[in-house]
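Structure first, then comments.
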Amino acid sequence: MASPVPREPVILAFDHGTSGVKASLITAYGRILASDAEKTPVVFLPGGGAEQDPGLWWEALLKVSRRLVHCGAVRADDIAAVCVSSTFSSTVAVDRDGNHLMNALTWMDSRGAPHVRELMKGFPSILGYGLPQVLKWLPKTAGAPTLSGKDDIAHALYIKHALPGIYEKTSMFLPSKDYLNLRLTGHFGATYDSVHLFWLTDIRDTRNIHYDDELIALSGIEKGKLPQLAASTDVIGTLRPDVAASIGLPQGVKVVAGSPDHQCACIGSGAVRDFEAHLYIGTSSWVQCLIPFKKTDVLHSIASFPTAVPGRYQSVNEQDMAGGAFDFVARLVGGFQGPAGADGNRDIPYDIITAAASRVSAGSRGVIVTPWLNGERTPVDDTAVRAGIHNLGAATTAGEILRASLEGVAYNTRWSLGHVERFVGRRLDPITIVGGGGNSDLWCRIFADVLDRSIRKPFDPMRANARGAAFIASVGLGEITFEDIPALMVYEADFDPDPANREVYDRMFREFLGIYRNNRAMYHRLNRA
């Protein structure tokens with residue numbers, strides 16, 4: 001009698017993003033079995049505030065977990081581990097019992113900027129940074145706190161100076177991923193990659209990353225409020241019995257530490273070898289790849305960060321708004337929203353939008369949309385710049401504005417890509433696209449034409465972060481190695497650049513850059529903090 005075929009271990013993988021919590025059941029070899037999602041709101045406040053309630057994150061995580069576990073895709077006892085991917089640089093202050101003391105400050109919250117500028121000032125000054133301060137940070141961290149005030153260190157400094165009562169009660173500052181891990185396991189801690197935007201770790205040796213006491217003293221943040229560190233592939237515990245029972249899982253399910261969204265997107269894209277690039281298009285956007293060296297481009301906010309892959313750095317940058325800017329324009333244009341849901345929000349019918357935009361020729365008849373709704377990070381660290389719809393005429397159509405919005409994100413990506421390629425020292429081609437934007441064949445085509453690069457679309461690009469978390473968990477469980485991942489990937493389509501659109505997109509890109517350069521002073525006059 002033949003022996004039964006062993007069942008493939010399944011990972012309950014979470015992709016916690018700005019708009020909500022997405023969860024997937026994914027096998028140890030990357031096969032997606034089922035997915036679900038639950039939205040969470042963002043609260044925007046005067047002065048650059050952007051907050052979310054961590055309690056709503058947790059409620060959303062439990063809801064999607066219960067639905068997936070009971071959807072019938074797998075048996076509950078097939079789920080071997082849980083692993084979380086979450087937004088980079090969203091910061092939660094917790095007390096000694098693990099309760100959050102206030103809303104989380106998200107990666108869009110810039111209220112800590114004045115405190116970072118005070119920390120980093122000095123003479124002589126380069127782009128707002130005091131040279132003596134830069135020389136203390138740069139060799140150890142491959143960068144320095146960004147003056148936009150959107151890093152974890154800025155969030156902690158904002159709480160210290162603006163909310164001293166909260167700071168006093170804070171037992172630990174946790175990145176959002178690690179807050180969710182705390183709720184899952186009771187374990188207080190973070191990973192080498194998730195804690196990096198506190199800018200307080202020495203990363204010169206990727207196999208010996210540790211807090212630097214000199215930088216901690218300079219920051220003014222108490223060392224005791226910083227989490228203990230682990231590797232992304234470490235098993236940090238098992239599900240708390242009450243959590244397992246609430247979800248419907250057996251006791252003993254392991255929790256693997258996981259990584260932030262940037263690092264999970266890289267791994268979930270399959271681009272895990274040096275200089276293989278991925279383009280992420282979600283609410284925000286980035287072009288990144290693994291590299292075997294530590295390097296920094298201070299002028300364009302590109303740095304080398306730790307990653308889950310041992311011995312490798314990731315060239316990290318981020319553009320503040322991409323899909324978020326497109327959604328904003330779609331709602332602004334009007335007539336492109338579905339019926340209101342239970343939460344009062346209206347879904348955007350992307351099929352209708354795509355149909356309208358696809359009928360417009362490349363270049364959108366000269367209309368340009370700049371996506372800088374919340375300032376920009378890369379390749380300029382500028383909180384004052386703002387979005388706009390340019391070159392409207394009486395005959396301009398909604399379709400032209402919508403296509404121009406898609407193209408504007410692509411122009412912004414091309415701007416960043418040029419600096420990323422100089423950073424890594426080579427042309428990045430092909431580029432794998434992941435995130436929700438990868439679901440649009442039209443946008444993939446626009447990216448290929450604007451960037452003049454081949455765009456490779458993997459199966460289910462929207463689940464790349466969850467797939468990356470699952471692969472990290474699978475490595476942690478000993479099921480695969482990172483070297484196995486490329487062979488496990490399945491790709492849906494390749495989009496090669498169309499030479500017929502080269503001239504129009506080169507011309508439109510030059511005008512896009514001119515909008516920023518010609519209006520930068522105006523933005524600063526109008527939006528001065």
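Naming works like this for the structure tokens: A, B, ... for the chains as they're shown, residue 1 at the start of each chain, ligands 1 onward in shown order.
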Step one, run DSSP on the backbone; step two, keep only residues of range 268-357 of chain A assigned to helix (DSSP H, G or I); then write them as a list in words.
Gly268, Ser269, Val298, Leu299, His300, Gly323, Gly324, Ala325, Phe326, Asp327, Phe328, Val329, Ala330, Arg331, Leu332, Val333, Tyr350, Asp351, Ile352, Ile353, Thr354, Ala355, Ala356 and Ala357 of chain A
Hey, which bits of range 253-304 of chain A sit within 10 Å of range 186-195 of chain A, and for each residue what's the closest pair of atoms and how far apart in Å (one decimal), counting only C-alpha atoms, rows by chain and increasing number, as CSV?
```
residue,atom,partner,partner_atom,distance
A:Ala257,CA,A:Thr191,CA,6.9
A:Gly258,CA,A:Thr191,CA,7.7
A:Ser259,CA,A:Ser194,CA,6.2
A:Pro260,CA,A:Ser194,CA,5.6
A:Asp261,CA,A:Ser194,CA,9.2
A:His262,CA,A:Asp193,CA,9.7
A:Gln263,CA,A:Asp193,CA,8.0
```
Could you pull out the strand (DSSP E or B) residues of range 45-270 of chain A from DSSP and send them as a PyMOL selection string?
chain A and resi 45+49-52+79-86+91-94+100+104-105+125-126+129-130+172-175+190-191+201-202+210-211+229-230+235-238+254-260
Within 9 Å of range 244-246 of chain A, counting only C-alpha atoms, which residues qualify if same-chain residues fewer than 5 places away don't, as a ChimeraX atom specification?
/A:62,66,184,239,251-253
Find the nearest atom pair between each residue of range 341-412 of chain A and range 485-502 of chain A for residues within 12 Å, count only C-alpha atoms, give distances in Å to one decimal, sort rows by chain and ascending number, and present the table as JSON lines.
```
{"residue": "A:Ser361", "atom": "CA", "partner": "A:Asn501", "partner_atom": "CA", "distance": 9.4}
{"residue": "A:Ala362", "atom": "CA", "partner": "A:Asn501", "partner_atom": "CA", "distance": 6.7}
{"residue": "A:Gly363", "atom": "CA", "partner": "A:Asn501", "partner_atom": "CA", "distance": 8.5}
{"residue": "A:Ser364", "atom": "CA", "partner": "A:Asn501", "partner_atom": "CA", "distance": 11.8}
```
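Picture a line from CA of Gln133 in chain A to CA of Ile291 in chain A; it runs 26.1 Å.
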Pro9 in chain A: which residues within 7 Å, counting only C-alpha atoms, same-chain residues fewer than 5 positions away excluded, as a count of residues only?
5
Do a neighbour search on Phe198 in chain A at 12 Å with only C-alpha atoms, toss out local chain neighbours closer than 5 positions, and write the hits as an NGL selection string.
:A and (88-91 or 116 or 137 or 141 or 143-146 or 149-157 or 173-175 or 190-193 or 211-212 or 215-216 or 219-221 or 223 or 225-227 or 305)
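Counting only C-alpha atoms, range 321-323 of chain A has the following residues at most 6 Å away, ignoring those fewer than 3 positions along the same chain: Gly282, Thr283, Ser284, Ser285, Phe326 and Val409 of chain A.
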Put those residues in a file: N, CA and C atoms, as a compact mmCIF listing (two decimals), in the first residue's frame.
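Output file selection_15.txt follows:
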```
# COMPACT_ATOMS: atom_id res chain seq x y z
N GLY A 282 1.60 50.49 -4.46
CA GLY A 282 0.46 50.42 -3.57
C GLY A 282 0.01 51.83 -3.28
N THR A 283 -0.35 52.12 -2.03
CA THR A 283 -0.61 53.50 -1.66
C THR A 283 0.61 54.35 -1.95
N SER A 284 1.78 53.83 -1.56
CA SER A 284 3.06 54.46 -1.89
C SER A 284 3.76 53.62 -2.95
N SER A 285 5.03 53.92 -3.20
CA SER A 285 5.74 53.25 -4.29
C SER A 285 7.24 53.24 -4.03
N PHE A 326 -3.49 58.18 -7.37
CA PHE A 326 -4.41 57.81 -8.44
C PHE A 326 -5.85 57.72 -7.91
N VAL A 409 2.44 58.96 -12.01
CA VAL A 409 3.13 58.06 -11.08
C VAL A 409 4.32 57.41 -11.79
```
When you look at range 348-354 of chain A with a cut-off of 9 Å (counting only C-alpha atoms), what residues show up, excluding the ones that are within fewer than 3 positions of it in the same chain? I need them as a tab-separated table (two decimals) with N, CA and C atoms, in the first residue's frame.
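And here's out18.tsv as it stands now:
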```tsv
chain	number	residue	atom	x	y	z
A	327	ASP	N	-6.02	57.08	-6.74
A	327	ASP	CA	-7.36	56.98	-6.16
A	327	ASP	C	-7.92	58.37	-5.85
A	330	ALA	N	-9.11	59.88	-9.08
A	330	ALA	CA	-10.33	59.20	-9.56
A	330	ALA	C	-11.56	59.72	-8.81
A	331	ARG	N	-11.43	59.93	-7.52
A	331	ARG	CA	-12.56	60.45	-6.74
A	331	ARG	C	-12.79	61.92	-7.06
A	336	PHE	N	-16.77	58.21	-10.73
A	336	PHE	CA	-16.04	56.95	-10.78
A	336	PHE	C	-16.04	56.27	-9.41
A	337	GLN	N	-17.19	56.26	-8.78
A	337	GLN	CA	-17.31	55.61	-7.49
A	337	GLN	C	-18.55	54.74	-7.47
A	338	GLY	N	-18.42	53.61	-6.81
A	338	GLY	CA	-19.54	52.71	-6.67
A	338	GLY	C	-20.44	53.12	-5.51
A	357	ALA	N	-9.40	55.32	-19.38
A	357	ALA	CA	-8.00	55.73	-19.58
A	357	ALA	C	-7.38	55.05	-20.79
A	358	SER	N	-7.79	53.82	-21.07
A	358	SER	CA	-7.18	53.07	-22.18
A	358	SER	C	-7.56	53.64	-23.55
A	359	ARG	N	-8.63	54.41	-23.59
A	359	ARG	CA	-9.04	55.01	-24.87
A	359	ARG	C	-8.26	56.28	-25.19
A	399	GLY	N	-11.15	60.94	-19.02
A	399	GLY	CA	-10.24	59.86	-19.38
A	399	GLY	C	-8.80	60.34	-19.50
A	402	LEU	N	-7.44	60.83	-16.01
A	402	LEU	CA	-7.19	59.54	-15.35
A	402	LEU	C	-5.93	58.88	-15.91
A	403	ARG	N	-5.78	58.89	-17.24
A	403	ARG	CA	-4.56	58.31	-17.80
A	403	ARG	C	-3.34	59.12	-17.37
A	440	SER	N	-3.19	46.04	-12.91
A	440	SER	CA	-3.63	46.77	-14.11
A	440	SER	C	-2.66	46.55	-15.26
A	442	LEU	N	-2.91	47.93	-18.10
A	442	LEU	CA	-2.68	49.24	-18.68
A	442	LEU	C	-1.54	49.95	-17.95
A	443	TRP	N	-1.54	49.91	-16.63
A	443	TRP	CA	-0.48	50.57	-15.88
A	443	TRP	C	0.86	49.88	-16.11
```
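With only C-alpha atoms as the atoms that count, the residue of A:Ala470, A:Leu33, A:Ile389, A:Leu406 with the shortest distance to Cys444 in chain A is A:Leu406.
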